[in-house]
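As structure tokens, the structure follows; a few thoughts come after it.
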Amino acid sequence: MRDENLMRTYMPRRDAASRSTTSTSETQPMSRSAAETGAPTSGLLDSYRVAREPYYRAVGDEVALYEAAYSVRMPIMLKGPTGCGKTRFVEYMAWKLGKPLITVACNEDMTASDLVGRFLLDASGTRWQDGPLALAARHGAICYLDEVVEARQDTTVVIHPLTDARRILPLEKKGEIIEAHPDFQVVISYNPGYQSLMKDLKQSTKQRFGALDFNYPEHETEAEIVAHESGVGVDVAKNLVHIAERARNLKGHGLDEGISTRMLIYAGSLIAKGVAPLAACRVALVRPITDDPDMRDALDSAVTTYF
Ligand SMILES: Nc1ncnc2c1ncn2[C@@H]1O[C@H](COP(=O)(O)OP(=O)(O)OP(=O)(O)O)[C@@H](O)[C@H]1O
């Protein structure tokens with residue numbers, strides 16, 4: 001599963017002989033290119049298809065809501081803390097809907113060209129290379145912008161014309177306007193806990209999206225997920241979830257974030273490999289989230305309560 005995920009994360013094809021250039025950035029007359037209505041998604045995106053059904057344990061009505069949103073091509077924002085299942089959900093939905101999924105891990109160095117595309121110089125001259133957003137819009141994929149708030153606001157605004165009624169992407173450097181393929185949709189993830197006044201999405205961005213709230217699942221469901229993903233028995237998984245619940249109560253009282261479902265799966269995977277539960281929990285749950293000695297002691301004692 002992990003290798004397949006990596007493959008679906010957008011990797012620009014930039015060989016050694018190619019380098020990006022902005023020399024063609026003079027304004028050019030814009031031509032419009034439209035995807036044929038109802039056209040099947042291009043074979044170009046085959047490597048972005050989710051080959052096998054991802055394991056996803058629904059926790060509410062999120063699957064039906066997403067399907068309804070996709071049917072009207074509403075851009076969707078998945079809101080929730082790190083490691084609670086947002087990425088797994090979008091992978092599952094892409095598989096269920098039979099659409100390719102292009103994932104972009106956003107960061108503050110990302111430019112609009114990284115999303116839209118750029119001219120490259122190689123031995124045979126100058127050629128245009130679509131960025132992940134242009135690729136998805138042109139050929140009809142779901143484009144998942146993970147942690148979009150990490151990108152600068154001047155980068156984020158390139159999604160605006162694609163996420164309102166226009167559904168177009170102007171490629172200014174190329175002089176082309178892509179009219180989005182009928183299957184195209186934008187999905188972004190957003191962790192409300194990380195936001196500050198300095199780093200947040202503009203209202204004009206937020207108001208282009210419908211939002212689905214995610215959180216850590218309730219006890220039994222989370223234990224079921226941890227057991228399934230890590231290979232430990234449900235009783236061990238339940239104990240791991242108890243420890244996480246203790247830690248989550250400390251959020252804002254010395255911990256910035258609680259222990260995520262992902263961390264519980266790491267701990268469970270170590271235990272399933274034969275690591276003693278105490279050591280596994282220290283490595284996978286306690287040490288990564290805090291350096292504060294008192295907090296470590298508090299969490300270690302929560303671990304010893306259950307193992
Ligand atoms: N409802 C669920 N069904 C199945 N697996 C889940 C579910 N929720 C969480 N998981 C498991 O937890 C792991 C972490 O979830 P995921 O990577 O989707 O988190 P995320 O919310 O996208 O985190 P981040 O914001 O850091 O990208 C997944 O790899 C999966 O194993």
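Chain labels A, B, ... are given in the sequence in which chains occur in the structure tokens; within each chain residues are numbered consecutively from 1, and ligands are likewise numbered from 1 in the order shown.
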
Closest atom pairs, chain A residues within 6 Å of ligand 1, only C-alpha atoms and all ligand atoms, as CSV:
```
residue,atom,partner,partner_atom_place_in_ligand_line,distance
A:Tyr55,CA,ligand 1,4 (C),5.3
A:Tyr56,CA,ligand 1,3 (N),3.6
A:Arg57,CA,ligand 1,3 (N),3.7
A:Ala58,CA,ligand 1,1 (N),5.4
A:Thr82,CA,ligand 1,25 (O),3.7
A:Gly83,CA,ligand 1,19 (O),3.3
A:Cys84,CA,ligand 1,21 (O),4.0
A:Gly85,CA,ligand 1,18 (O),3.1
A:Lys86,CA,ligand 1,21 (O),3.8
A:Thr87,CA,ligand 1,18 (O),3.6
A:Arg88,CA,ligand 1,18 (O),3.8
A:Ile225,CA,ligand 1,5 (N),5.5
A:Glu229,CA,ligand 1,31 (O),5.5
A:Thr261,CA,ligand 1,12 (O),5.1
A:Arg262,CA,ligand 1,14 (C),4.2
```

Let's have the selection written as a PDB file, in the first residue's frame, with N, CA and C atoms.
```pdb
ATOM      1  N   TYR A  55      -8.259  -0.300   2.516  1.00  0.00           N
ATOM      2  CA  TYR A  55      -9.096  -0.557   3.701  1.00  0.00           C
ATOM      3  C   TYR A  55      -9.516   0.788   4.272  1.00  0.00           C
ATOM      4  N   TYR A  56     -10.813   1.034   4.295  1.00  0.00           N
ATOM      5  CA  TYR A  56     -11.305   2.246   4.950  1.00  0.00           C
ATOM      6  C   TYR A  56     -12.532   1.896   5.775  1.00  0.00           C
ATOM      7  N   ARG A  57     -12.483   2.179   7.073  1.00  0.00           N
ATOM      8  CA  ARG A  57     -13.586   1.906   7.980  1.00  0.00           C
ATOM      9  C   ARG A  57     -14.365   3.213   8.131  1.00  0.00           C
ATOM     10  N   ALA A  58     -15.564   3.253   7.526  1.00  0.00           N
ATOM     11  CA  ALA A  58     -16.357   4.485   7.608  1.00  0.00           C
ATOM     12  C   ALA A  58     -16.749   4.748   9.061  1.00  0.00           C
ATOM     13  N   THR A  82      -3.774  15.503  12.408  1.00  0.00           N
ATOM     14  CA  THR A  82      -2.868  14.624  11.667  1.00  0.00           C
ATOM     15  C   THR A  82      -3.129  13.156  12.019  1.00  0.00           C
ATOM     16  N   GLY A  83      -3.008  12.304  11.014  1.00  0.00           N
ATOM     17  CA  GLY A  83      -3.069  10.863  11.235  1.00  0.00           C
ATOM     18  C   GLY A  83      -4.418  10.314  11.638  1.00  0.00           C
ATOM     19  N   CYS A  84      -5.512  10.971  11.205  1.00  0.00           N
ATOM     20  CA  CYS A  84      -6.838  10.482  11.619  1.00  0.00           C
ATOM     21  C   CYS A  84      -7.601   9.837  10.462  1.00  0.00           C
ATOM     22  N   GLY A  85      -7.003   9.733   9.280  1.00  0.00           N
ATOM     23  CA  GLY A  85      -7.661   8.990   8.206  1.00  0.00           C
ATOM     24  C   GLY A  85      -8.082   9.792   6.989  1.00  0.00           C
ATOM     25  N   LYS A  86      -7.674  11.052   6.883  1.00  0.00           N
ATOM     26  CA  LYS A  86      -8.108  11.880   5.748  1.00  0.00           C
ATOM     27  C   LYS A  86      -7.552  11.346   4.414  1.00  0.00           C
ATOM     28  N   THR A  87      -6.256  11.055   4.405  1.00  0.00           N
ATOM     29  CA  THR A  87      -5.636  10.578   3.164  1.00  0.00           C
ATOM     30  C   THR A  87      -6.196   9.217   2.778  1.00  0.00           C
ATOM     31  N   ARG A  88      -6.345   8.331   3.768  1.00  0.00           N
ATOM     32  CA  ARG A  88      -6.910   7.018   3.482  1.00  0.00           C
ATOM     33  C   ARG A  88      -8.311   7.151   2.905  1.00  0.00           C
ATOM     34  N   ILE A 225      -9.616  -0.527  13.712  1.00  0.00           N
ATOM     35  CA  ILE A 225      -8.701  -0.041  12.667  1.00  0.00           C
ATOM     36  C   ILE A 225      -7.255  -0.396  13.035  1.00  0.00           C
ATOM     37  N   GLU A 229      -4.849  -2.799  10.822  1.00  0.00           N
ATOM     38  CA  GLU A 229      -3.682  -2.233  10.145  1.00  0.00           C
ATOM     39  C   GLU A 229      -2.347  -2.722  10.704  1.00  0.00           C
ATOM     40  N   THR A 261      -4.125   8.064  15.347  1.00  0.00           N
ATOM     41  CA  THR A 261      -4.378   6.672  14.961  1.00  0.00           C
ATOM     42  C   THR A 261      -3.131   6.098  14.274  1.00  0.00           C
ATOM     43  N   ARG A 262      -2.471   6.934  13.467  1.00  0.00           N
ATOM     44  CA  ARG A 262      -1.255   6.468  12.773  1.00  0.00           C
ATOM     45  C   ARG A 262      -0.205   5.990  13.776  1.00  0.00           C
TER      46      ARG A 262
END
```

Members of segment 152-202 of chain A assigned alpha helix (DSSP H) by DSSP, as a VMD selection string: chain A and resid 153 to 156

Selection: 10 Å around segment 276-278 of chain A, only C-alpha atoms, excl. self and same-chain fewer than 3 positions, as JSON, numbers by chain: {"A": [236, 240, 267, 268, 270, 271, 272, 273, 281, 282, 283, 300, 303, 304, 306, 307]}

Those residues you just picked out, can you put them in a file as a PDB file, in the first residue's frame with N, CA and C atoms?
```pdb
ATOM      1  N   VAL A 236      -5.190  -5.913  22.586  1.00  0.00           N
ATOM      2  CA  VAL A 236      -3.991  -5.052  22.610  1.00  0.00           C
ATOM      3  C   VAL A 236      -4.334  -3.701  21.977  1.00  0.00           C
ATOM      4  N   LEU A 240      -4.026   0.179  23.460  1.00  0.00           N
ATOM      5  CA  LEU A 240      -3.328   1.293  22.787  1.00  0.00           C
ATOM      6  C   LEU A 240      -4.266   2.502  22.666  1.00  0.00           C
ATOM      7  N   ALA A 267       2.788   1.620  16.860  1.00  0.00           N
ATOM      8  CA  ALA A 267       3.042   0.875  18.108  1.00  0.00           C
ATOM      9  C   ALA A 267       2.565  -0.570  17.953  1.00  0.00           C
ATOM     10  N   GLY A 268       1.368  -0.726  17.408  1.00  0.00           N
ATOM     11  CA  GLY A 268       0.830  -2.074  17.216  1.00  0.00           C
ATOM     12  C   GLY A 268       1.717  -2.906  16.295  1.00  0.00           C
ATOM     13  N   LEU A 270       4.934  -2.680  15.880  1.00  0.00           N
ATOM     14  CA  LEU A 270       6.132  -3.121  16.619  1.00  0.00           C
ATOM     15  C   LEU A 270       5.781  -4.296  17.529  1.00  0.00           C
ATOM     16  N   ILE A 271       4.646  -4.179  18.213  1.00  0.00           N
ATOM     17  CA  ILE A 271       4.229  -5.259  19.120  1.00  0.00           C
ATOM     18  C   ILE A 271       3.995  -6.546  18.314  1.00  0.00           C
ATOM     19  N   ALA A 272       3.353  -6.398  17.161  1.00  0.00           N
ATOM     20  CA  ALA A 272       3.088  -7.576  16.316  1.00  0.00           C
ATOM     21  C   ALA A 272       4.394  -8.221  15.839  1.00  0.00           C
ATOM     22  N   LYS A 273       5.473  -7.428  15.788  1.00  0.00           N
ATOM     23  CA  LYS A 273       6.786  -7.969  15.387  1.00  0.00           C
ATOM     24  C   LYS A 273       7.548  -8.537  16.570  1.00  0.00           C
ATOM     25  N   CYS A 281       5.569   1.197  22.911  1.00  0.00           N
ATOM     26  CA  CYS A 281       4.801   2.430  23.175  1.00  0.00           C
ATOM     27  C   CYS A 281       5.727   3.622  23.386  1.00  0.00           C
ATOM     28  N   ARG A 282       6.864   3.370  24.045  1.00  0.00           N
ATOM     29  CA  ARG A 282       7.800   4.490  24.227  1.00  0.00           C
ATOM     30  C   ARG A 282       8.297   4.982  22.876  1.00  0.00           C
ATOM     31  N   VAL A 283       8.688   4.042  22.026  1.00  0.00           N
ATOM     32  CA  VAL A 283       9.260   4.415  20.717  1.00  0.00           C
ATOM     33  C   VAL A 283       8.215   5.076  19.825  1.00  0.00           C
ATOM     34  N   ASP A 300       4.409   7.808  30.086  1.00  0.00           N
ATOM     35  CA  ASP A 300       4.951   6.472  30.396  1.00  0.00           C
ATOM     36  C   ASP A 300       4.097   5.779  31.443  1.00  0.00           C
ATOM     37  N   VAL A 303       1.124   4.357  29.942  1.00  0.00           N
ATOM     38  CA  VAL A 303       1.443   3.106  29.235  1.00  0.00           C
ATOM     39  C   VAL A 303       1.485   1.940  30.221  1.00  0.00           C
ATOM     40  N   THR A 304       2.133   2.168  31.382  1.00  0.00           N
ATOM     41  CA  THR A 304       2.254   1.053  32.334  1.00  0.00           C
ATOM     42  C   THR A 304       0.907   0.685  32.956  1.00  0.00           C
ATOM     43  N   TYR A 306      -1.697   0.170  31.255  1.00  0.00           N
ATOM     44  CA  TYR A 306      -2.374  -0.743  30.322  1.00  0.00           C
ATOM     45  C   TYR A 306      -1.502  -1.919  29.861  1.00  0.00           C
ATOM     46  N   PHE A 307      -0.179  -1.826  30.066  1.00  0.00           N
ATOM     47  CA  PHE A 307       0.671  -2.942  29.657  1.00  0.00           C
ATOM     48  C   PHE A 307       1.589  -3.354  30.804  1.00  0.00           C
TER      49      PHE A 307
END
```

Å distance separating atom CA of Lys79 of chain A from atom CA of Ile188 of chain A, one decimal place: 8.6 Å

Test item: residues at most 7 Å from segment 131-146 of chain A, only C-alpha atoms, excluding those fewer than 3 positions along its chain, as a list in words: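 Contacts, with the query itself left out: Tyr10, Ala35, Thr41, Ser42, Lys99, Pro100, Leu101, Ile102, Thr103, Val104, Ala105, Cys106, Asp114, Leu115, Val116, Gly117, Ile178, Ala180, His181, Pro182, Asp183, Phe184, Gln185, Val186, Val187, Ile188 and Ser189 of chain A.
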
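Between atom CA of Ala247 of chain A and atom CA of Leu78 of chain A lies a distance of 23.4 Å.
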
Using only C-alpha atoms: which of A:His219, A:Lys174, A:His242, A:His160 has the shortest distance to Phe119 of chain A: A:Lys174

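For the residues A:Glu172, A:Lys251, A:Arg287, A:Val226, ranking by smallest atom-to-atom distance to Leu264 of chain A using only C-alpha atoms places A:Val226 first.
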
Within 9 Å of Met110 of chain A using only C-alpha atoms, minus same-chain residues under 2 positions, as a list in words: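 Contacts, in chain order: Cys106, Asn107, Glu108, Ala112, Ser113, Asp114, Leu115, Glu150, Ala151, Arg152 and Thr155 of chain A.
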
Please write the residues from the selection above to a file, keeping N, CA and C atoms, as an mmCIF file, in the first residue's frame.
```cif
data_model
loop_
_atom_site.group_PDB
_atom_site.id
_atom_site.type_symbol
_atom_site.label_atom_id
_atom_site.label_comp_id
_atom_site.auth_asym_id
_atom_site.auth_seq_id
_atom_site.Cartn_x
_atom_site.Cartn_y
_atom_site.Cartn_z
ATOM 1 N N CYS A 106 1.829 19.693 0.016
ATOM 2 C CA CYS A 106 2.109 21.134 -0.106
ATOM 3 C C CYS A 106 3.171 21.568 0.904
ATOM 4 N N ASN A 107 3.947 22.563 0.530
ATOM 5 C CA ASN A 107 4.937 23.119 1.461
ATOM 6 C C ASN A 107 5.136 24.588 1.128
ATOM 7 N N GLU A 108 5.822 25.303 2.015
ATOM 8 C CA GLU A 108 5.871 26.759 1.850
ATOM 9 C C GLU A 108 6.774 27.205 0.702
ATOM 10 N N ALA A 112 3.353 28.633 -7.661
ATOM 11 C CA ALA A 112 2.221 28.364 -8.552
ATOM 12 C C ALA A 112 2.678 27.478 -9.713
ATOM 13 N N SER A 113 3.908 27.693 -10.210
ATOM 14 C CA SER A 113 4.410 26.870 -11.328
ATOM 15 C C SER A 113 4.528 25.402 -10.945
ATOM 16 N N ASP A 114 4.828 25.133 -9.667
ATOM 17 C CA ASP A 114 4.915 23.732 -9.238
ATOM 18 C C ASP A 114 3.561 23.043 -9.386
ATOM 19 N N LEU A 115 2.486 23.799 -9.262
ATOM 20 C CA LEU A 115 1.150 23.216 -9.403
ATOM 21 C C LEU A 115 0.681 23.214 -10.854
ATOM 22 N N GLU A 150 0.037 24.915 4.161
ATOM 23 C CA GLU A 150 1.493 25.092 4.162
ATOM 24 C C GLU A 150 1.958 25.921 2.962
ATOM 25 N N ALA A 151 1.171 25.912 1.889
ATOM 26 C CA ALA A 151 1.554 26.686 0.700
ATOM 27 C C ALA A 151 1.281 28.170 0.940
ATOM 28 N N ARG A 152 2.053 29.016 0.281
ATOM 29 C CA ARG A 152 1.819 30.451 0.430
ATOM 30 C C ARG A 152 0.498 30.820 -0.241
ATOM 31 N N THR A 155 0.296 31.164 -3.900
ATOM 32 C CA THR A 155 0.288 29.893 -4.621
ATOM 33 C C THR A 155 -1.116 29.297 -4.612
#
```

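Between Gly258 of chain A and the candidates A:Gly125, A:Pro81, A:Lys206, A:Pro170, the tightest atom-to-atom separation, counting only C-alpha atoms, involves A:Pro81.
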